[in-house]
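What follows is one structure encoded as structure tokens, with my remarks underneath.
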Amino acid sequence: NEEETLDLSGNFNGITGCAVLYSPSENKYSLYNKDMAEQEVSPYSTFKIISTLIGLHNDIIKDETSTMNYDGTQYPNPEWNENLTLQKAFQTSCIWYFHQIINNVGEQEVKKELSELEYGNCDVSAWEGSNINPYKEVLSKIFEGKSFYDSQNVEILKKIMLIEDEQEKKVYGKTGSGTNGEAWFIGFTEKGQQREYFAVYLEDSLQKERVSSSLAQEIALKIIE
């Protein structure tokens with residue numbers, strides 16, 4: 001494993017954060033703010049990538065059109081207050097939809113699959129997912145076809161993760177955010193069969209009004225350009 005450190009501070013505009021880039025073809029990691037990148041932190045909504053696969057794998061959902069029924073709770077995000085398809089739930093990061101998936105699958109099976117994936121610390125005791133670092137190996141394992149998830153399910157997941165579709169490359173990803181200045185954007189770019197993985201994490205409680213998952217996405221897209 002080759003590893004290099006990068007100075008990407010210019011892209012972060014004074015916000016505290018870190019980035020990890022991984023190229024499977026070169027087996028090379030590039031890290032910005034390495035000490036921070038090695039901390040375990042909550043994945044927040046980026047965990048929905050894994051929840052989607054677990055749901056597909058256990059036949060709770062079939063594809064991007066699979067709908068879950070809304071129970072009438074009024075959520076602050078009006079987009080969540082109706083029956084949603086997987087596509088819409090993923091894109092609006094709908095909490096109840098993915099809770100339904102995970103609760104239908106059950107804690108034991110989720111724990112088993114996380115262990116097989118070697119996802120973070122595999123601690124599901126905090127059902128919201130705390131102290132799990134979805135380090136890029138997990139993403140590459142899934143999208144390089146090295147996990148136990150079947151390729152059809154991975155293709156469905158790719159469909160709902162697509163962010164940018166340009167001729168020369170596609171960008172796939174998922175945002176996530178906490179309440180105290182934490183935000184994620186993780187994913188990969190794809191040119192032909194070549195994929196490059198990235199994870200950008202911001203954690204800046206002193207400037208939390210500036211931090212958002214859309215900022216994390218913006219920074220990541222700048223870096224991968």
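Note on naming: chains are A, B, ... as they come in the structure tokens, residues start from 1 per chain, ligands start from 1 in the order shown.
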
Can you pull out every residue within 10 Å of segment 200-208 of chain A, counting only C-alpha atoms, but drop anything in the same chain fewer than 4 positions away, and send it as a ChimeraX atom specification? /A:12,14-21,32,36-37,41,43,175-187,212-213,215-221,223

Emit the selected residues as a JSON list (two decimals), in the first residue's frame, including C-alpha atoms.
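For reference, selection_5.json as written:
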```json
[["chain", "number", "residue", "atom", "x", "y", "z"],
["A", 12, "PHE", "CA", -11.27, 23.55, 2.67],
["A", 14, "GLY", "CA", -10.47, 27.47, 6.66],
["A", 15, "ILE", "CA", -12.88, 24.70, 7.71],
["A", 16, "THR", "CA", -11.37, 21.85, 9.72],
["A", 17, "GLY", "CA", -11.64, 18.61, 7.82],
["A", 18, "CYS", "CA", -9.84, 15.73, 6.16],
["A", 19, "ALA", "CA", -9.89, 13.75, 2.94],
["A", 20, "VAL", "CA", -8.92, 10.26, 1.86],
["A", 21, "LEU", "CA", -8.49, 9.28, -1.78],
["A", 32, "TYR", "CA", -5.14, 15.20, 3.73],
["A", 36, "MET", "CA", -8.00, 13.31, 11.62],
["A", 37, "ALA", "CA", -8.66, 10.89, 8.76],
["A", 41, "VAL", "CA", -16.45, 9.05, 13.76],
["A", 43, "PRO", "CA", -20.96, 7.92, 9.37],
["A", 175, "THR", "CA", -23.70, 13.03, 1.82],
["A", 176, "GLY", "CA", -24.15, 12.89, 5.57],
["A", 177, "SER", "CA", -24.22, 15.44, 8.38],
["A", 178, "GLY", "CA", -24.37, 15.77, 12.14],
["A", 179, "THR", "CA", -25.66, 18.58, 14.32],
["A", 180, "ASN", "CA", -22.42, 20.09, 15.56],
["A", 181, "GLY", "CA", -20.48, 21.02, 12.46],
["A", 182, "GLU", "CA", -19.92, 17.51, 11.06],
["A", 183, "ALA", "CA", -20.47, 16.64, 7.41],
["A", 184, "TRP", "CA", -19.52, 13.89, 4.96],
["A", 185, "PHE", "CA", -19.36, 13.28, 1.29],
["A", 186, "ILE", "CA", -18.07, 9.86, 0.23],
["A", 187, "GLY", "CA", -18.10, 8.03, -3.06],
["A", 212, "SER", "CA", -23.06, 21.38, 5.59],
["A", 213, "SER", "CA", -23.10, 18.17, 3.60],
["A", 215, "LEU", "CA", -20.20, 22.02, 1.35],
["A", 216, "ALA", "CA", -18.52, 18.63, 1.87],
["A", 217, "GLN", "CA", -19.78, 17.59, -1.57],
["A", 218, "GLU", "CA", -18.55, 20.83, -3.14],
["A", 219, "ILE", "CA", -15.07, 20.39, -1.60],
["A", 220, "ALA", "CA", -14.90, 16.74, -2.70],
["A", 221, "LEU", "CA", -15.92, 17.56, -6.27],
["A", 223, "ILE", "CA", -10.59, 17.84, -5.12]]
```

Quick one: pull the distance between atom CA of Phe98 of chain A and atom CA of Ser51 of chain A, Å, one decimal.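 Atom CA of Ser51 of chain A lies at a distance of 6.5 Å from atom CA of Phe98 of chain A.
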
Just asking: which residues within chain A are strand (DSSP E or B) according to DSSP, as an MDAnalysis selection string? chainID A and resid 2:5 17:23 28:32 67:68 84:85 162:165 170:177 182:191 194:203

Write down as a ChimeraX atom specification the residues belonging to segment 38-153 of chain A that are assigned helix (DSSP H, G or I) by DSSP computed on the backbone. /A:44-57,78-80,86-91,95-105,107-117,136-143,151-153

Two-atom distance - atom CA of Asp165 of chain A, atom CA of Ser45 of chain A (Å):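 So the two atoms, atom CA of Asp165 of chain A and atom CA of Ser45 of chain A, lie 22.3 Å apart.
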
Sorted by chain and rising residue number, which residues of segment 40-108 of chain A lie within 10 Å of segment 158-163 of chain A, and what are their closest atom pairs and distances in Å to one decimal, counting only C-alpha atoms, as JSON lines?
```
{"residue": "A:Ile49", "atom": "CA", "partner": "A:Met161", "partner_atom": "CA", "distance": 8.3}
{"residue": "A:Thr52", "atom": "CA", "partner": "A:Ile160", "partner_atom": "CA", "distance": 9.8}
{"residue": "A:Asp63", "atom": "CA", "partner": "A:Lys159", "partner_atom": "CA", "distance": 9.6}
{"residue": "A:Glu64", "atom": "CA", "partner": "A:Ile160", "partner_atom": "CA", "distance": 6.9}
{"residue": "A:Leu86", "atom": "CA", "partner": "A:Ile160", "partner_atom": "CA", "distance": 8.0}
{"residue": "A:Gln87", "atom": "CA", "partner": "A:Ile160", "partner_atom": "CA", "distance": 5.5}
{"residue": "A:Lys88", "atom": "CA", "partner": "A:Ile160", "partner_atom": "CA", "distance": 8.5}
{"residue": "A:Ala89", "atom": "CA", "partner": "A:Ile160", "partner_atom": "CA", "distance": 9.6}
{"residue": "A:Phe90", "atom": "CA", "partner": "A:Ile160", "partner_atom": "CA", "distance": 6.9}
{"residue": "A:Gln91", "atom": "CA", "partner": "A:Ile160", "partner_atom": "CA", "distance": 7.4}
```

Give me the residues within 12 Å of Glu225 of chain A as a list in words, counting only C-alpha atoms and dropping any in the same chain fewer than 5 places off. Asn11, Glu168, Lys169, Lys170, Val171, Phe188, Thr189, Glu196, Phe198, Glu218, Ile219 and Ala220 of chain A

What lies within 12 Å of Gly106 of chain A using only C-alpha atoms, ignoring chain neighbours under 6 positions off, as a PyMOL selection string? chain A and resi 51+54-55+58+60+99-100+112-113+124+127

Generate the output file for the selected residues, N, CA and C atoms, as a PDB file, in the first residue's frame.
```
ATOM      1  N   SER A  51     -27.083   0.423   4.318  1.00  0.00           N
ATOM      2  CA  SER A  51     -28.476   0.029   4.593  1.00  0.00           C
ATOM      3  C   SER A  51     -29.183  -0.409   3.313  1.00  0.00           C
ATOM      4  N   ILE A  54     -27.987  -3.873   2.392  1.00  0.00           N
ATOM      5  CA  ILE A  54     -28.529  -4.861   3.332  1.00  0.00           C
ATOM      6  C   ILE A  54     -30.000  -5.125   3.008  1.00  0.00           C
ATOM      7  N   GLY A  55     -30.735  -4.054   2.692  1.00  0.00           N
ATOM      8  CA  GLY A  55     -32.157  -4.194   2.341  1.00  0.00           C
ATOM      9  C   GLY A  55     -32.372  -4.997   1.074  1.00  0.00           C
ATOM     10  N   ASN A  58     -31.476  -8.735   1.583  1.00  0.00           N
ATOM     11  CA  ASN A  58     -32.464  -9.492   2.369  1.00  0.00           C
ATOM     12  C   ASN A  58     -33.880  -9.408   1.801  1.00  0.00           C
ATOM     13  N   ILE A  60     -35.860  -7.002   1.352  1.00  0.00           N
ATOM     14  CA  ILE A  60     -36.806  -6.059   1.960  1.00  0.00           C
ATOM     15  C   ILE A  60     -37.219  -5.050   0.884  1.00  0.00           C
ATOM     16  N   HIS A  99     -34.638   3.263   8.479  1.00  0.00           N
ATOM     17  CA  HIS A  99     -34.933   2.571   9.744  1.00  0.00           C
ATOM     18  C   HIS A  99     -35.859   1.393   9.492  1.00  0.00           C
ATOM     19  N   GLN A 100     -36.855   1.595   8.643  1.00  0.00           N
ATOM     20  CA  GLN A 100     -37.769   0.484   8.335  1.00  0.00           C
ATOM     21  C   GLN A 100     -37.010  -0.688   7.731  1.00  0.00           C
ATOM     22  N   LYS A 112     -24.061  -9.149  11.506  1.00  0.00           N
ATOM     23  CA  LYS A 112     -23.325 -10.175  10.770  1.00  0.00           C
ATOM     24  C   LYS A 112     -22.761  -9.604   9.456  1.00  0.00           C
ATOM     25  N   GLU A 113     -23.600  -8.868   8.728  1.00  0.00           N
ATOM     26  CA  GLU A 113     -23.146  -8.330   7.445  1.00  0.00           C
ATOM     27  C   GLU A 113     -22.086  -7.255   7.630  1.00  0.00           C
ATOM     28  N   VAL A 124     -23.259  -1.989  16.527  1.00  0.00           N
ATOM     29  CA  VAL A 124     -24.615  -1.545  16.203  1.00  0.00           C
ATOM     30  C   VAL A 124     -25.398  -1.207  17.470  1.00  0.00           C
ATOM     31  N   TRP A 127     -28.012   2.276  17.567  1.00  0.00           N
ATOM     32  CA  TRP A 127     -28.670   1.926  16.309  1.00  0.00           C
ATOM     33  C   TRP A 127     -28.530   3.028  15.265  1.00  0.00           C
TER      34      TRP A 127
END
```

Distance query Phe148 of chain A at most 10 Å, only C-alpha atoms, self and fewer than 3 positions along chain excluded, as a ChimeraX atom specification: /A:57,113,116-117,141-142,145,151

Can you pull out the residues contacting segment 2-10 of chain A? Cut-off 6 Å, using only C-alpha atoms, and skip same-chain residues under 2 positions away; I want them as a short mmCIF file (atom, residue, chain, number, x, y, z; two decimals) with C-alpha atoms, in the first residue's frame.
```cif
data_model
loop_
_atom_site.label_atom_id
_atom_site.label_comp_id
_atom_site.auth_asym_id
_atom_site.auth_seq_id
_atom_site.Cartn_x
_atom_site.Cartn_y
_atom_site.Cartn_z
CA PHE A 12 -11.27 23.55 2.67
CA ASN A 13 -11.39 27.35 2.99
CA LYS A 28 -2.43 4.02 -3.41
CA TYR A 29 -3.91 6.18 -0.66
CA SER A 30 -3.67 9.95 -0.61
CA LEU A 31 -4.54 11.65 2.66
CA TYR A 32 -5.14 15.20 3.73
#
```

Go through A:Glu137, A:Asp150, A:Tyr70, A:Glu82 and flag the residue nearest Ala199 of chain A, using only C-alpha atoms for the distances. A:Glu137

May I have the residues within 9 Å of Arg195 of chain A as a PyMOL selection string, using only C-alpha atoms and disregarding those fewer than 3 positions away in the same chain? chain A and resi 23-25+140+143-144+188-192

How about saving the chosen residues, N, CA and C atoms kept, as a PDB file, in the first residue's frame?
```pdb
ATOM      1  N   SER A  23      -6.887   4.856  -4.884  1.00  0.00           N
ATOM      2  CA  SER A  23      -6.901   4.337  -6.238  1.00  0.00           C
ATOM      3  C   SER A  23      -6.585   2.845  -6.217  1.00  0.00           C
ATOM      4  N   PRO A  24      -7.592   1.982  -6.472  1.00  0.00           N
ATOM      5  CA  PRO A  24      -7.334   0.536  -6.457  1.00  0.00           C
ATOM      6  C   PRO A  24      -6.328   0.115  -7.528  1.00  0.00           C
ATOM      7  N   SER A  25      -6.368   0.770  -8.687  1.00  0.00           N
ATOM      8  CA  SER A  25      -5.473   0.328  -9.767  1.00  0.00           C
ATOM      9  C   SER A  25      -4.015   0.558  -9.381  1.00  0.00           C
ATOM     10  N   SER A 140     -14.626   0.435  -1.721  1.00  0.00           N
ATOM     11  CA  SER A 140     -13.952  -0.214  -2.848  1.00  0.00           C
ATOM     12  C   SER A 140     -14.276  -1.708  -2.863  1.00  0.00           C
ATOM     13  N   PHE A 143     -17.752  -1.905  -4.550  1.00  0.00           N
ATOM     14  CA  PHE A 143     -17.874  -1.530  -5.960  1.00  0.00           C
ATOM     15  C   PHE A 143     -16.827  -2.187  -6.859  1.00  0.00           C
ATOM     16  N   GLU A 144     -15.792  -2.778  -6.263  1.00  0.00           N
ATOM     17  CA  GLU A 144     -14.841  -3.567  -7.053  1.00  0.00           C
ATOM     18  C   GLU A 144     -15.296  -5.028  -7.124  1.00  0.00           C
ATOM     19  N   PHE A 188     -17.174   7.699  -5.261  1.00  0.00           N
ATOM     20  CA  PHE A 188     -16.112   7.342  -6.201  1.00  0.00           C
ATOM     21  C   PHE A 188     -16.410   7.943  -7.565  1.00  0.00           C
ATOM     22  N   THR A 189     -15.349   8.064  -8.354  1.00  0.00           N
ATOM     23  CA  THR A 189     -15.502   8.466  -9.747  1.00  0.00           C
ATOM     24  C   THR A 189     -15.256   7.223 -10.600  1.00  0.00           C
ATOM     25  N   GLU A 190     -15.823   7.225 -11.788  1.00  0.00           N
ATOM     26  CA  GLU A 190     -15.669   6.067 -12.657  1.00  0.00           C
ATOM     27  C   GLU A 190     -15.416   6.530 -14.083  1.00  0.00           C
ATOM     28  N   LYS A 191     -14.317   6.037 -14.643  1.00  0.00           N
ATOM     29  CA  LYS A 191     -14.033   6.248 -16.074  1.00  0.00           C
ATOM     30  C   LYS A 191     -13.866   4.861 -16.657  1.00  0.00           C
ATOM     31  N   GLY A 192     -14.755   4.469 -17.548  1.00  0.00           N
ATOM     32  CA  GLY A 192     -14.705   3.099 -18.059  1.00  0.00           C
ATOM     33  C   GLY A 192     -14.816   2.136 -16.890  1.00  0.00           C
TER      34      GLY A 192
END
```

Report the distance between atom CA of Asn104 of chain A and atom CA of Lys146 of chain A in Å, rounded to one decimal place.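 Between atom CA of Asn104 of chain A and atom CA of Lys146 of chain A the gap works out to 25.6 Å.
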
Would you mind telling me which residue in A:Val105, A:Val154, A:Leu56, A:Met68 lies nearest to Asn81 of chain A when using only C-alpha atoms?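 Looking at the shortest contact to Asn81 of chain A, the residue is A:Met68.
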